[in-house]
file query22.pdb (PDB, C-alpha atoms)
MODEL        1
ATOM      1  CA  ALA A   2       9.091 -51.752  -7.395
ATOM      2  CA  SER A   3      10.210 -51.484 -10.993
ATOM      3  CA  GLY A   4       7.027 -49.558 -11.822
ATOM      4  CA  ASN A   5       7.674 -47.126  -8.983
ATOM      5  CA  SER A   6      11.236 -46.614 -10.217
ATOM      6  CA  LEU A   7      10.007 -45.833 -13.722
ATOM      7  CA  ARG A   8       7.531 -43.258 -12.464
ATOM      8  CA  TYR A   9      10.282 -41.658 -10.384
ATOM      9  CA  GLU A  10      12.562 -41.446 -13.430
ATOM     10  CA  GLN A  11       9.824 -39.833 -15.496
ATOM     11  CA  VAL A  12       8.978 -37.208 -12.849
ATOM     12  CA  ASN A  13      12.587 -36.590 -11.909
ATOM     13  CA  GLY A  14      13.413 -35.802 -15.531
ATOM     14  CA  LEU A  15      11.012 -32.840 -15.469
ATOM     15  CA  VAL A  16      13.002 -31.023 -12.776
ATOM     16  CA  THR A  17      15.891 -28.973 -14.194
ATOM     17  CA  ALA A  18      16.954 -26.773 -11.245
ATOM     18  CA  ALA A  19      17.434 -27.040  -7.504
ATOM     19  CA  GLY A  20      14.399 -25.922  -5.550
ATOM     20  CA  SER A  21      11.969 -26.396  -8.435
ATOM     21  CA  THR A  22       8.612 -28.051  -7.926
ATOM     22  CA  LEU A  23       6.006 -29.601 -10.195
ATOM     23  CA  GLN A  24       2.400 -28.567 -10.710
ATOM     24  CA  GLY A  25      -0.399 -29.775 -12.900
ATOM     25  CA  THR A  26      -1.045 -27.722 -16.042
ATOM     26  CA  SER A  27      -3.961 -29.898 -17.168
ATOM     27  CA  ALA A  28      -5.371 -33.305 -16.360
ATOM     28  CA  GLY A  29      -2.500 -35.767 -16.242
ATOM     29  CA  THR A  30       0.148 -33.189 -17.243
ATOM     30  CA  LEU A  31       2.943 -31.863 -15.040
ATOM     31  CA  ALA A  32       5.163 -28.819 -15.581
ATOM     32  CA  GLU A  33       8.108 -27.415 -13.670
ATOM     33  CA  LEU A  34       7.719 -24.317 -11.522
ATOM     34  CA  LEU A  35      11.177 -22.774 -11.082
ATOM     35  CA  ILE A  36      12.041 -21.489  -7.633
ATOM     36  CA  GLY A  37      11.582 -17.742  -7.125
ATOM     37  CA  THR A  38      14.083 -15.201  -5.875
ATOM     38  CA  LYS A  39      15.002 -14.437  -2.246
ATOM     39  CA  ARG A  40      11.983 -13.766   0.027
ATOM     40  CA  GLN A  41       9.413 -14.429  -2.714
ATOM     41  CA  VAL A  42       6.448 -16.645  -1.855
ATOM     42  CA  ALA A  43       4.340 -19.046  -3.906
ATOM     43  CA  THR A  44       0.888 -17.672  -4.647
ATOM     44  CA  VAL A  45      -1.973 -18.194  -7.083
ATOM     45  CA  ASN A  46      -1.531 -16.198 -10.296
ATOM     46  CA  ALA A  47      -3.905 -13.448 -11.452
ATOM     47  CA  GLY A  48      -5.899 -15.853 -13.614
ATOM     48  CA  ALA A  49      -6.240 -18.401 -10.782
ATOM     49  CA  THR A  50      -4.832 -21.091 -13.109
ATOM     50  CA  ALA A  51      -1.446 -21.889 -11.570
ATOM     51  CA  LEU A  52       1.044 -21.182  -8.815
ATOM     52  CA  ALA A  53       3.642 -18.454  -9.298
ATOM     53  CA  PHE A  54       6.336 -16.843  -7.184
ATOM     54  CA  SER A  55       5.964 -13.169  -6.287
ATOM     55  CA  ASN A  56       7.044 -10.608  -3.703
ATOM     56  CA  PRO A  57       4.660 -10.508  -0.720
ATOM     57  CA  ILE A  58       5.126  -6.722  -0.444
ATOM     58  CA  THR A  59       5.735  -4.381  -3.380
ATOM     59  CA  LEU A  60       7.752  -1.230  -2.661
ATOM     60  CA  THR A  61       7.204   1.797  -4.887
ATOM     61  CA  THR A  62       9.739   4.425  -5.873
ATOM     62  CA  MET A  63      10.276   7.093  -3.211
ATOM     63  CA  GLN A  64       9.112  10.611  -4.117
ATOM     64  CA  ALA A  65      10.758  13.727  -2.674
ATOM     65  CA  THR A  66       8.373  16.067  -0.847
ATOM     66  CA  THR A  67      10.737  19.006  -1.290
ATOM     67  CA  SER A  68       8.466  20.797  -3.789
ATOM     68  CA  GLY A  69       4.969  20.578  -5.237
ATOM     69  CA  SER A  70       1.749  19.923  -3.369
ATOM     70  CA  THR A  71       0.631  16.463  -4.606
ATOM     71  CA  TRP A  72       2.486  13.155  -4.869
ATOM     72  CA  ASP A  73       0.667  10.445  -6.847
ATOM     73  CA  PHE A  74       1.247   6.679  -6.789
ATOM     74  CA  THR A  75      -0.526   5.035  -9.721
ATOM     75  CA  GLY A  76      -0.731   1.565 -11.234
ATOM     76  CA  ILE A  77      -1.778  -0.256  -8.055
ATOM     77  CA  PRO A  78      -2.881  -3.701  -9.320
ATOM     78  CA  ALA A  79      -6.197  -5.427  -8.758
ATOM     79  CA  GLY A  80      -6.491  -7.531  -5.636
ATOM     80  CA  VAL A  81      -4.418  -5.343  -3.292
ATOM     81  CA  ARG A  82      -5.805  -5.473   0.238
ATOM     82  CA  ARG A  83      -3.317  -3.435   2.278
ATOM     83  CA  ILE A  84      -1.386  -0.236   1.488
ATOM     84  CA  THR A  85       1.156   1.492   3.717
ATOM     85  CA  ILE A  86       2.161   5.130   3.215
ATOM     86  CA  ASN A  87       5.508   6.094   4.751
ATOM     87  CA  TRP A  88       6.755   9.641   5.329
ATOM     88  CA  ALA A  89      10.395  10.363   6.207
ATOM     89  CA  GLU A  90      11.172  13.845   7.570
ATOM     90  CA  SER A  91       8.493  15.415   5.314
ATOM     91  CA  SER A  92       7.540  19.041   5.819
ATOM     92  CA  LEU A  93       5.037  21.551   4.435
ATOM     93  CA  SER A  94       5.690  25.236   3.875
ATOM     94  CA  GLY A  95       2.816  26.473   6.049
ATOM     95  CA  THR A  96       0.451  25.535   8.853
ATOM     96  CA  ASN A  97      -1.877  23.225   6.911
ATOM     97  CA  ASN A  98      -2.246  19.463   7.247
ATOM     98  CA  TRP A  99      -1.465  16.409   5.124
ATOM     99  CA  VAL A 100      -4.229  14.501   3.344
ATOM    100  CA  VAL A 101      -4.376  11.148   1.533
ATOM    101  CA  LEU A 102      -6.872  10.575  -1.308
ATOM    102  CA  LEU A 103      -8.034   7.257  -2.740
ATOM    103  CA  GLY A 104      -8.492   6.878  -6.475
ATOM    104  CA  ASP A 105      -9.874   4.474  -9.068
ATOM    105  CA  VAL A 106      -9.863   4.448 -12.885
ATOM    106  CA  ASP A 107     -12.098   7.539 -12.888
ATOM    107  CA  GLY A 108      -9.692   9.633 -10.799
ATOM    108  CA  PHE A 109      -9.192  10.640  -7.184
ATOM    109  CA  GLU A 110     -12.210  11.027  -4.892
ATOM    110  CA  ASN A 111     -12.369  14.000  -2.512
ATOM    111  CA  THR A 112     -15.773  13.566  -0.848
ATOM    112  CA  SER A 113     -17.504  11.263   1.655
ATOM    113  CA  TYR A 114     -14.475  10.439   3.795
ATOM    114  CA  ILE A 115     -14.862   9.959   7.533
ATOM    115  CA  SER A 116     -11.495  11.062   8.887
ATOM    116  CA  SER A 117     -10.004  12.422  12.093
ATOM    117  CA  SER A 118      -6.461  13.108  13.305
ATOM    118  CA  GLY A 119      -5.269  14.249  16.709
ATOM    119  CA  ALA A 120      -1.935  15.670  17.839
ATOM    120  CA  VAL A 121      -0.848  15.278  21.459
ATOM    121  CA  ALA A 122       2.186  17.110  22.844
ATOM    122  CA  ASN A 123       4.266  16.175  25.883
ATOM    123  CA  ALA A 124       3.100  19.348  27.622
ATOM    124  CA  GLY A 125      -0.515  18.210  27.308
ATOM    125  CA  ALA A 126      -1.640  20.557  24.516
ATOM    126  CA  SER A 127      -3.657  18.830  21.803
ATOM    127  CA  VAL A 128      -5.429  19.561  18.529
ATOM    128  CA  VAL A 129      -7.942  17.452  16.598
ATOM    129  CA  VAL A 130      -8.769  17.970  12.914
ATOM    130  CA  ASN A 131     -11.489  16.278  10.854
ATOM    131  CA  SER A 132     -12.058  15.978   7.122
ATOM    132  CA  THR A 133     -14.562  14.634   4.606
ATOM    133  CA  ALA A 134     -12.227  15.457   1.687
ATOM    134  CA  GLY A 135      -9.549  12.835   2.442
ATOM    135  CA  PHE A 136      -7.738  10.939   5.172
ATOM    136  CA  ILE A 137      -6.250  13.840   7.124
ATOM    137  CA  VAL A 138      -3.033  13.878   9.151
ATOM    138  CA  ALA A 139      -2.629  16.802  11.545
ATOM    139  CA  SER A 140       0.459  18.998  11.168
ATOM    140  CA  ALA A 141      -0.528  22.517  12.290
ATOM    141  CA  SER A 142       2.896  24.176  11.998
ATOM    142  CA  ALA A 143       5.386  24.915   9.228
ATOM    143  CA  ALA A 144       8.126  23.902  11.650
ATOM    144  CA  ASN A 145       6.739  20.389  12.100
ATOM    145  CA  VAL A 146       8.406  17.484  10.274
ATOM    146  CA  LEU A 147       6.383  14.340   9.635
ATOM    147  CA  SER A 148       7.795  10.808   9.996
ATOM    148  CA  GLY A 149       5.693   7.671  10.299
ATOM    149  CA  SER A 150       3.051   5.708   8.458
ATOM    150  CA  MET A 151      -0.608   5.416   7.495
ATOM    151  CA  VAL A 152      -2.081   1.964   6.853
ATOM    152  CA  LEU A 153      -5.035   1.486   4.495
ATOM    153  CA  GLU A 154      -6.876  -1.839   4.608
ATOM    154  CA  LEU A 155      -9.673  -3.179   2.411
ATOM    155  CA  PHE A 156     -12.691  -3.680   4.656
ATOM    156  CA  ASP A 157     -15.258  -4.879   2.081
ATOM    157  CA  ALA A 158     -14.217  -5.817  -1.458
ATOM    158  CA  ALA A 159     -17.824  -5.759  -2.699
ATOM    159  CA  THR A 160     -18.224  -2.047  -1.913
ATOM    160  CA  PHE A 161     -14.534  -1.039  -2.285
ATOM    161  CA  HIS A 162     -14.653   0.059   1.355
ATOM    162  CA  TRP A 163     -11.295   1.023   2.904
ATOM    163  CA  THR A 164     -10.272   1.931   6.445
ATOM    164  CA  SER A 165      -7.266   4.006   7.500
ATOM    165  CA  SER A 166      -5.138   4.352  10.614
ATOM    166  CA  HIS A 167      -1.991   6.396  11.204
ATOM    167  CA  SER A 168       0.645   6.961  13.835
ATOM    168  CA  VAL A 169       3.363   9.537  13.163
ATOM    169  CA  LYS A 170       5.544  12.104  14.872
ATOM    170  CA  ILE A 171       5.495  15.742  13.789
ATOM    171  CA  SER A 172       8.058  17.138  16.241
ATOM    172  CA  THR A 173      10.334  15.896  18.989
ATOM    173  CA  ALA A 174       7.534  16.491  21.497
ATOM    174  CA  THR A 175       4.374  15.736  19.506
ATOM    175  CA  THR A 176       2.825  12.562  18.101
ATOM    176  CA  VAL A 177      -0.228  12.251  15.847
ATOM    177  CA  SER A 178      -2.708   9.401  15.436
ATOM    178  CA  GLY A 179      -6.101   8.918  13.852
ATOM    179  CA  GLY A 180      -8.212   6.977  11.398
ATOM    180  CA  GLY A 181     -11.208   6.860   9.121
ATOM    181  CA  ASP A 182     -12.994   5.018   6.341
ATOM    182  CA  LYS A 183     -14.169   5.558   2.767
ATOM    183  CA  SER A 184     -15.984   3.574   0.040
ATOM    184  CA  LEU A 185     -14.976   4.036  -3.593
ATOM    185  CA  SER A 186     -17.200   3.650  -6.634
ATOM    186  CA  LYS A 187     -14.735   1.204  -8.249
ATOM    187  CA  GLU A 188     -11.642  -0.819  -7.336
ATOM    188  CA  LEU A 189      -8.730   1.236  -5.999
ATOM    189  CA  THR A 190      -5.895   1.816  -8.487
ATOM    190  CA  GLN A 191      -4.042   4.876  -7.159
ATOM    191  CA  ILE A 192      -3.146   6.934  -4.077
ATOM    192  CA  ARG A 193      -2.509  10.673  -3.777
ATOM    193  CA  VAL A 194      -0.576  12.222  -0.887
ATOM    194  CA  ALA A 195      -1.145  15.979  -0.732
ATOM    195  CA  ALA A 196      -1.041  19.196   1.228
ATOM    196  CA  ASP A 197      -4.503  19.886   2.607
ATOM    197  CA  THR A 198      -4.752  23.328   0.973
ATOM    198  CA  ALA A 199      -2.257  25.823  -0.445
ATOM    199  CA  ASP A 200       0.976  24.626   1.177
ATOM    200  CA  THR A 201       3.849  23.039  -0.737
ATOM    201  CA  GLY A 202       6.417  20.481   0.333
ATOM    202  CA  ASP A 203       9.800  21.769   1.472
ATOM    203  CA  ALA A 204      11.593  18.702   2.934
ATOM    204  CA  GLY A 205      11.642  14.930   3.112
ATOM    205  CA  ALA A 206      10.172  12.110   1.057
ATOM    206  CA  VAL A 207       7.156   9.790   0.832
ATOM    207  CA  MET A 208       6.618   6.285  -0.562
ATOM    208  CA  ILE A 209       3.990   3.558  -0.470
ATOM    209  CA  SER A 210       4.055  -0.227  -0.347
ATOM    210  CA  TYR A 211       1.202  -2.625  -1.060
ATOM    211  CA  GLU A 212       0.320  -6.275  -0.646
TER     212      GLU A 212
ENDMDL
END
call {"tool": "encode", "arguments": {"input": "query22.pdb", "output": "structure tokens"}}
result
Amino acid sequence: ASGNSLRYEQVNGLVTAAGSTLQGTSAGTLAELLIGTKRQVATVNAGATALAFSNPITLTTMQATTSGSTWDFTGIPAGVRRITINWAESSLSGTNNWVVLLGDVDGFENTSYISSSGAVANAGASVVVNSTAGFIVASASAANVLSGSMVLELFDAATFHWTSSHSVKISTATTVSGGGDKSLSKELTQIRVAADTADTGDAGAVMISYE
């Protein structure tokens, strides 16, 4: 009993804050892992050497789509397996569509996508657009305003193969959905949201999150 008490005193002395835990740093050595902040989770660090607290989902800074024709999100870290692109009341100046490009350290790739997007209106009218130059999202009218999301998921890490799916609204009477897939030459590090051709943004905002 006295031996157990001594071991408890030794371990208990390593903990300096409520919610902390202990983990091995080497054979026979313990170190304190301080509790993270609200909603963080314990995960294995990038070097796979210890536990660390981190946010399960990283939110990027919102970009206004009120001007310009491309909106880039760079610095996506290694190991990301899911990316969500969110539009809020975004609009283009003309009748062209939205497109999302994947990029790695060598830049954005604009070939070899398999992508389709279809718009269905309450009245029954529909339009389907396809693209090999990016993950396309149908818009078809300068009056349409896009709100919704596209989800990108890593299908095969060995070939940097990603799939996409989207579900958005472009007017009060029309919804759009679709999907596709694309393999990169290297690990994904960046995302570009763009007008399909010569249009520019004239309303709204876009952001991404990743996990």
call {"tool": "resolve_selection", "arguments": {"input": "query22.pdb", "expression": "the PyMOL selection byres ((chain A and resi 88-102) around 7)", "output": "JSON, numbers by chain"}}
result
{"A": [66, 86, 87, 103, 104, 109, 110, 111, 135, 136, 137, 138, 139, 140, 141, 142, 143, 145, 146, 147, 148, 149, 150, 192, 193, 194, 195, 196, 197, 198, 200, 201, 202, 203, 204, 205, 206, 207, 208]}
call {"tool": "closest_residue", "arguments": {"input": "query22.pdb", "among": "A:Arg82, A:Thr22, A:Ser178, A:Val169", "to": "Ser127 of chain A", "atoms": "only C-alpha atoms"}}
result
A:Ser178
call {"tool": "resolve_selection", "arguments": {"input": "query22.pdb", "expression": "the PyMOL selection byres ((chain A and resi 83) around 8)", "output": "count of residues only"}}
result
10
call {"tool": "atom_distance", "arguments": {"input": "query22.pdb", "atom1": "atom CA of Gly37 of chain A", "atom2": "atom CA of Ser21 of chain A"}}
result
8.8 Å
call {"tool": "resolve_selection", "arguments": {"input": "query22.pdb", "expression": "the PyMOL selection byres ((chain A and resi 60) around 7)", "output": "PyMOL selection string"}}
result
chain A and resi 58-59+61-62+209-211
call {"tool": "residues_around", "arguments": {"input": "query22.pdb", "residues": "Gln24 of chain A", "least_positions_apart": "5", "cutoff": "9 Å", "atoms": "only C-alpha atoms", "output": "list in words"}}
result
Thr30, Leu31, Ala32, Glu33, Leu34, Ala51 and Leu52 of chain A
call {"tool": "residues_around", "arguments": {"input": "query22.pdb", "residues": "segment 157-160 of chain A", "least_positions_apart": "6", "cutoff": "8 Å", "atoms": "all atoms listed in the file", "output": "MDAnalysis selection string"}}
result
chainID A and resid 184:187
call {"tool": "atom_distance", "arguments": {"input": "query22.pdb", "atom1": "atom CA of Val129 of chain A", "atom2": "atom CA of Ile171 of chain A"}}
result
13.8 Å
call {"tool": "closest_residue", "arguments": {"input": "query22.pdb", "among": "A:Ser166, A:Thr26, A:Phe54, A:Thr75", "to": "Gly180 of chain A", "atoms": "all atoms listed in the file"}}
result
A:Ser166
call {"tool": "atom_distance", "arguments": {"input": "query22.pdb", "atom1": "atom CA of Ala43 of chain A", "atom2": "atom CA of Thr17 of chain A"}}
result
18.4 Å
call {"tool": "residues_around", "arguments": {"input": "query22.pdb", "residues": "Ser113 of chain A", "least_positions_apart": "6", "cutoff": "7 Å", "atoms": "all atoms listed in the file", "output": "list of chain:residue names"}}
result
A:Thr133, A:Ala134, A:Lys183
call {"tool": "residues_around", "arguments": {"input": "query22.pdb", "residues": "Gly20 of chain A", "least_positions_apart": "3", "cutoff": "9 Å", "atoms": "all atoms listed in the file", "output": "PyMOL selection string"}}
result
chain A and resi 16+35-37
